[in-house]
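Below: the structure, in C-alpha cells.
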Amino acid sequence: MSKKSKYIQQQELSKFKNQIFIYSLIFLTIKLVIIYRISNYNLGLVNGKAWLGADGENYLNGVNALVKDGIFSKDGVLNYWPAGYPITIYALAFFSKSSALTLLSIFQSAIFSISIFYFISEVQKTKIKAFAFFIFLLISLNPTLTLASLCVGYETLAASGFLIISALLMYDLRVRTKKSLIISLLFSSLTFSYVCFIQPRFFVAAILVIPIWSVVRNGLKNSMFIVVVGMILVLLLPVTLVLRNHQATGQNTISTNLGNTMNIGAGDSTGGYVPNPPGVKCPIASPSDSELVKCVLKWYIEHPQKSLILFFNKSIFFWSPWFGPEANGTMARNPWLTFHPLKEIQKSQSGFNLIYGVVGKTISWLWIVAGIVLLVIGFRFLYLQGNELRILAFIAMSVVASSWVVTLFSIGDHRFRLPIMGMSLFLQGVGLQSLSKRRRRAMVIAKVLR
C-alpha cells in the first residue's frame, strides 16, 4: 500500500471515529437527561435515580447489609446471590449513599457507551468496515439493552464487558506484537474476572474464549502458559467472593442459588420461571446447593426424552420476544415496555385479539426464528472472511452459545439473553448486512444481464 493510500485510510478512520464519538456523546447525554427525570428511589440505606431490574430488591438488600455491617456481612442475601454486583453499588455508595443509584446509572451508561465505541473502532479496521456504522446504531439504539443501563441489574455491565473483551482480542490479532499480546491478555482476563464477579456463570464463556484466542494467536504448543495465566487472572475477583463468604458464613462458595435455579427448570416443569416449581425430588432430605445440583444433573441423565423437551422449551424462552404471546421470562420491568407501541394497542379487545391471536403468534415465531437464522448467517459470513474475523466469529458465538447452553440446565428466561446481546446483535447485524450486500450484488448482475 502506498503512503498516499495509507494516509487516506487513516483520514477515513479518524473521521469515522470522530463521527461515532459524537453520536456516542449524544446518546449518553440523552441518557443523562432520562436519569435526571427518573424519580428518586429509596430502599433502606442507599437511594438515587435508577429503575429496578428483575432482582433489584435483592441486590439493594445486599447493599444495605454491606453498608450496615461491612464487607463481611453475614446477611444471607449476600451468600445466596453472587455478592459482586451489590459490592459494585457499595463501592459507589462510598461517594454518596443518597446518590448511589444515580452514580450507578451514570457509571453503567458511560461504560456501555465506551465499550461500544471501542468495539466499533476495532470493527472499522477490519474487512467489514462497511458494516461498522450500522452495527454501531444497532447495538447503541437497541431500546431494551440501552435502557437496561439505567436499571439496578448486572446485565449491561456484562454486555459491555464482552464488547471490551472482543475489541481487545481483535486488537491483538490485528497488531500481533508482544506488547499487544500482554495488553490484551491482561485487560481481557481482568475484564472477564469482573464479569464473572458480578455473574459467575459467565466463567463458561471465559474457558472458551481465552483458549480459542490463545491457540490461534500462538499455536497449540505455545498457548498453554498464556491460557493458565489468563485463567488465573479471570479467577482473581470471583475468588474474593469465596473468601468473603468463608469469612462471613464459613462456606467456601461464590453463591448458593445454583441448585435452586437449576431445580426450577427441571422435573415436571415447562422449563421457565414459576413461583412454586415442582422441581426434582432429591433423596436427601435437606440437600446442600452442591447436592441439589448433582440431583438435577442426575435427573437429566435418567430422563433424556423429558430433558430434550425442556431444552427445546428453554431455547424458545431464551430467544423469545420481550412482549407478546410467546414472551417468556422475568423482564416485566423492562423499561422499553413502558414505551412499547403495542402496549397501548392491547388495551382494546380488538388489539388484544390481534396481538395474542394467530397474527401475533405468527409474528412472534418469525421473530424468534429470524433472530437465530441471522445469528448463524452472521457467523458463517465472518468465518468465510478468514483471519481475525474468523476468530471474532468464534469469540462472539462462544459468548452467545455458552449462555444459551447454561440456560438449558437452569431456567428458560429471555432476560438471560440480555448480557450477551452486544455479541448476538453484532452477529445478527453482520448477517443482515451480508444479505443486503448479496441482494445489491444480485441486482447489479441482473441489470448487466438484461
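Chain labels run A, B, ... following the order of the C-alpha cells; each chain numbers its residues from 1, and ligands are numbered from 1 in the order shown.
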List as a PyMOL selection string the protein and nucleic acid residues near region 99-115 of chain A, meaning an atom at most 7 Å away when only C-alpha atoms are counted, but skip any in the same chain fewer than 4 places from it. chain A and resi 24+28+46-50+89+92-93+119+149-151+156-157+160+163-164
Nearby residues (only C-alpha atoms) at most 9 Å from region 66-72 of chain A, same-chain spacing under 6 positions excluded, as number ranges by chain: A: 45-46, 78, 86-87, 90, 93, 97, 244-245, 247-249
With only C-alpha atoms as the basis for distance, which of A:Ile116, A:Met224, A:Ile411, A:Leu52 is at the shortest distance from Arg333 (chain A)?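 For Arg333 (chain A), the nearest of the candidates is A:Leu52.
For the residues A:Glu122, A:Glu57, A:Glu155, A:Glu12, ranking by smallest atom-to-atom distance to Leu389 (chain A) using only C-alpha atoms places A:Glu122 first.
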Quick one: pick out all strand (DSSP E or B) residues within region 250-443 of chain A from a backbone DSSP run and write them as a PyMOL selection string. chain A and resi 267+272+279+412
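If only C-alpha atoms are the atoms counted, then among A:Gln11, A:Gln349, A:Asn334, A:Asn218 the closest residue to Trp322 (chain A) is A:Asn334.
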Best match for closeness to Pro200 (chain A) among A:Glu388, A:Pro238, A:Leu310, A:Tyr41, counting only C-alpha atoms: A:Pro238
Using Å and a single decimal, report how far CA of Met421 (chain A) sits from CA of Ala158 (chain A).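 Result for CA of Ala158 (chain A) versus CA of Met421 (chain A): 9.7 Å, one decimal.
Residues in contact with Tyr383 (chain A) at up to 12 Å, not including ones fewer than 6 positions away on its chain and judged by only C-alpha atoms, are A:Ile128, A:Val376, A:Ile377, A:Leu389, A:Arg390, A:Ile391, A:Leu392, A:Ala393, A:Phe394, A:Ile395, A:Ala396, A:Met397, A:Leu427, A:Val430, A:Gly431.
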If you keep all heavy atoms, can you produce a file of those selected residues as a short mmCIF file (atom, residue, chain, number, x, y, z; two decimals), in the first residue's frame?
```
data_model
loop_
_atom_site.label_atom_id
_atom_site.label_comp_id
_atom_site.auth_asym_id
_atom_site.auth_seq_id
_atom_site.Cartn_x
_atom_site.Cartn_y
_atom_site.Cartn_z
N ILE A 128 -14.85 -5.78 7.29
CA ILE A 128 -16.29 -5.48 7.32
C ILE A 128 -16.53 -4.05 7.80
O ILE A 128 -17.55 -3.76 8.43
CB ILE A 128 -17.08 -6.49 8.19
CG1 ILE A 128 -16.55 -6.48 9.64
CG2 ILE A 128 -17.04 -7.87 7.60
CD1 ILE A 128 -17.50 -7.16 10.62
N VAL A 376 -26.73 -17.23 12.77
CA VAL A 376 -25.95 -18.26 12.06
C VAL A 376 -25.37 -17.68 10.77
O VAL A 376 -24.20 -17.93 10.43
CB VAL A 376 -26.83 -19.49 11.76
CG1 VAL A 376 -26.07 -20.49 10.90
CG2 VAL A 376 -27.29 -20.14 13.06
N ILE A 377 -26.17 -16.90 10.05
CA ILE A 377 -25.70 -16.29 8.79
C ILE A 377 -24.53 -15.34 9.07
O ILE A 377 -23.52 -15.34 8.35
CB ILE A 377 -26.84 -15.53 8.09
CG1 ILE A 377 -27.90 -16.51 7.56
CG2 ILE A 377 -26.30 -14.68 6.94
CD1 ILE A 377 -29.14 -15.85 7.00
N LEU A 389 -11.29 -12.02 11.50
CA LEU A 389 -12.76 -12.04 11.51
C LEU A 389 -13.29 -13.44 11.80
O LEU A 389 -14.34 -13.60 12.43
CB LEU A 389 -13.31 -11.53 10.18
CG LEU A 389 -13.20 -10.02 9.96
CD1 LEU A 389 -13.72 -9.64 8.59
CD2 LEU A 389 -13.98 -9.26 11.04
N ARG A 390 -12.56 -14.46 11.34
CA ARG A 390 -12.96 -15.83 11.66
C ARG A 390 -12.89 -16.08 13.17
O ARG A 390 -13.78 -16.69 13.75
CB ARG A 390 -12.06 -16.82 10.91
CG ARG A 390 -12.36 -18.28 11.22
CD ARG A 390 -11.59 -19.21 10.31
NE ARG A 390 -12.02 -19.08 8.93
CZ ARG A 390 -11.54 -19.81 7.93
NH1 ARG A 390 -10.57 -20.69 8.14
NH2 ARG A 390 -11.98 -19.65 6.69
N ILE A 391 -11.82 -15.58 13.79
CA ILE A 391 -11.67 -15.74 15.25
C ILE A 391 -12.71 -14.92 15.99
O ILE A 391 -13.27 -15.36 16.99
CB ILE A 391 -10.25 -15.34 15.70
CG1 ILE A 391 -9.21 -16.04 14.83
CG2 ILE A 391 -10.04 -15.68 17.17
CD1 ILE A 391 -9.41 -17.54 14.68
N LEU A 392 -13.00 -13.72 15.48
CA LEU A 392 -14.04 -12.89 16.10
C LEU A 392 -15.39 -13.61 16.05
O LEU A 392 -16.17 -13.54 17.00
CB LEU A 392 -14.13 -11.54 15.38
CG LEU A 392 -15.21 -10.58 15.88
CD1 LEU A 392 -15.02 -10.27 17.36
CD2 LEU A 392 -15.21 -9.29 15.06
N ALA A 393 -15.65 -14.31 14.94
CA ALA A 393 -16.89 -15.08 14.83
C ALA A 393 -16.98 -16.13 15.92
O ALA A 393 -18.02 -16.30 16.57
CB ALA A 393 -16.97 -15.74 13.44
N PHE A 394 -15.87 -16.84 16.16
CA PHE A 394 -15.85 -17.87 17.20
C PHE A 394 -15.97 -17.26 18.60
O PHE A 394 -16.64 -17.82 19.47
CB PHE A 394 -14.58 -18.71 17.09
CG PHE A 394 -14.65 -19.79 16.05
CD1 PHE A 394 -13.91 -19.70 14.88
CD2 PHE A 394 -15.47 -20.90 16.24
CE1 PHE A 394 -13.98 -20.71 13.93
CE2 PHE A 394 -15.55 -21.90 15.29
CZ PHE A 394 -14.80 -21.80 14.12
N ILE A 395 -15.33 -16.12 18.81
CA ILE A 395 -15.40 -15.46 20.12
C ILE A 395 -16.84 -15.02 20.41
O ILE A 395 -17.38 -15.28 21.49
CB ILE A 395 -14.44 -14.25 20.17
CG1 ILE A 395 -12.99 -14.72 20.20
CG2 ILE A 395 -14.74 -13.37 21.39
CD1 ILE A 395 -11.98 -13.61 20.00
N ALA A 396 -17.45 -14.34 19.44
CA ALA A 396 -18.83 -13.86 19.62
C ALA A 396 -19.80 -15.03 19.82
O ALA A 396 -20.65 -15.00 20.71
CB ALA A 396 -19.25 -13.02 18.42
N MET A 397 -19.65 -16.08 18.99
CA MET A 397 -20.55 -17.22 19.12
C MET A 397 -20.31 -17.99 20.41
O MET A 397 -21.25 -18.55 20.99
CB MET A 397 -20.39 -18.15 17.91
CG MET A 397 -21.42 -19.27 17.87
SD MET A 397 -23.15 -18.68 17.81
CE MET A 397 -23.35 -18.39 16.06
N LEU A 427 -23.50 -10.26 15.57
CA LEU A 427 -23.61 -11.34 14.59
C LEU A 427 -24.85 -11.18 13.72
O LEU A 427 -24.80 -11.39 12.50
CB LEU A 427 -23.64 -12.69 15.31
CG LEU A 427 -22.33 -13.15 15.96
CD1 LEU A 427 -22.55 -14.42 16.77
CD2 LEU A 427 -21.23 -13.36 14.93
N VAL A 430 -24.32 -8.32 11.24
CA VAL A 430 -23.45 -8.78 10.14
C VAL A 430 -24.26 -9.65 9.18
O VAL A 430 -24.16 -9.51 7.95
CB VAL A 430 -22.24 -9.56 10.68
CG1 VAL A 430 -21.49 -10.25 9.54
CG2 VAL A 430 -21.29 -8.63 11.43
N GLY A 431 -25.09 -10.54 9.74
CA GLY A 431 -25.93 -11.40 8.91
C GLY A 431 -26.88 -10.60 8.04
O GLY A 431 -27.03 -10.86 6.84
#
```
Counting only C-alpha atoms, which residues of region 211-277 of chain A fall within 10 Å of region 325-332 of chain A, and what is the closest atom pair for each with its distance in Å at one decimal, ordered by chain and rising number, as CSV?
```
residue,atom,partner,partner_atom,distance
A:Gly272,CA,A:Gly329,CA,7.0
A:Tyr273,CA,A:Gly329,CA,6.7
A:Val274,CA,A:Gly329,CA,9.5
```
Next, the residues of the selection above should be written as a CSV table (one decimal), in the first residue's frame with N, CA and C atoms.
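Heads up, here's the output in result-v1.csv:
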```
chain,number,residue,atom,x,y,z
A,272,GLY,N,-39.5,-22.9,32.3
A,272,GLY,CA,-39.4,-21.4,32.6
A,272,GLY,C,-39.6,-21.2,34.0
A,273,TYR,N,-39.5,-19.9,34.4
A,273,TYR,CA,-39.6,-19.5,35.8
A,273,TYR,C,-41.1,-19.5,36.3
A,274,VAL,N,-41.3,-20.2,37.4
A,274,VAL,CA,-42.6,-20.2,38.0
A,274,VAL,C,-42.4,-20.1,39.6
```
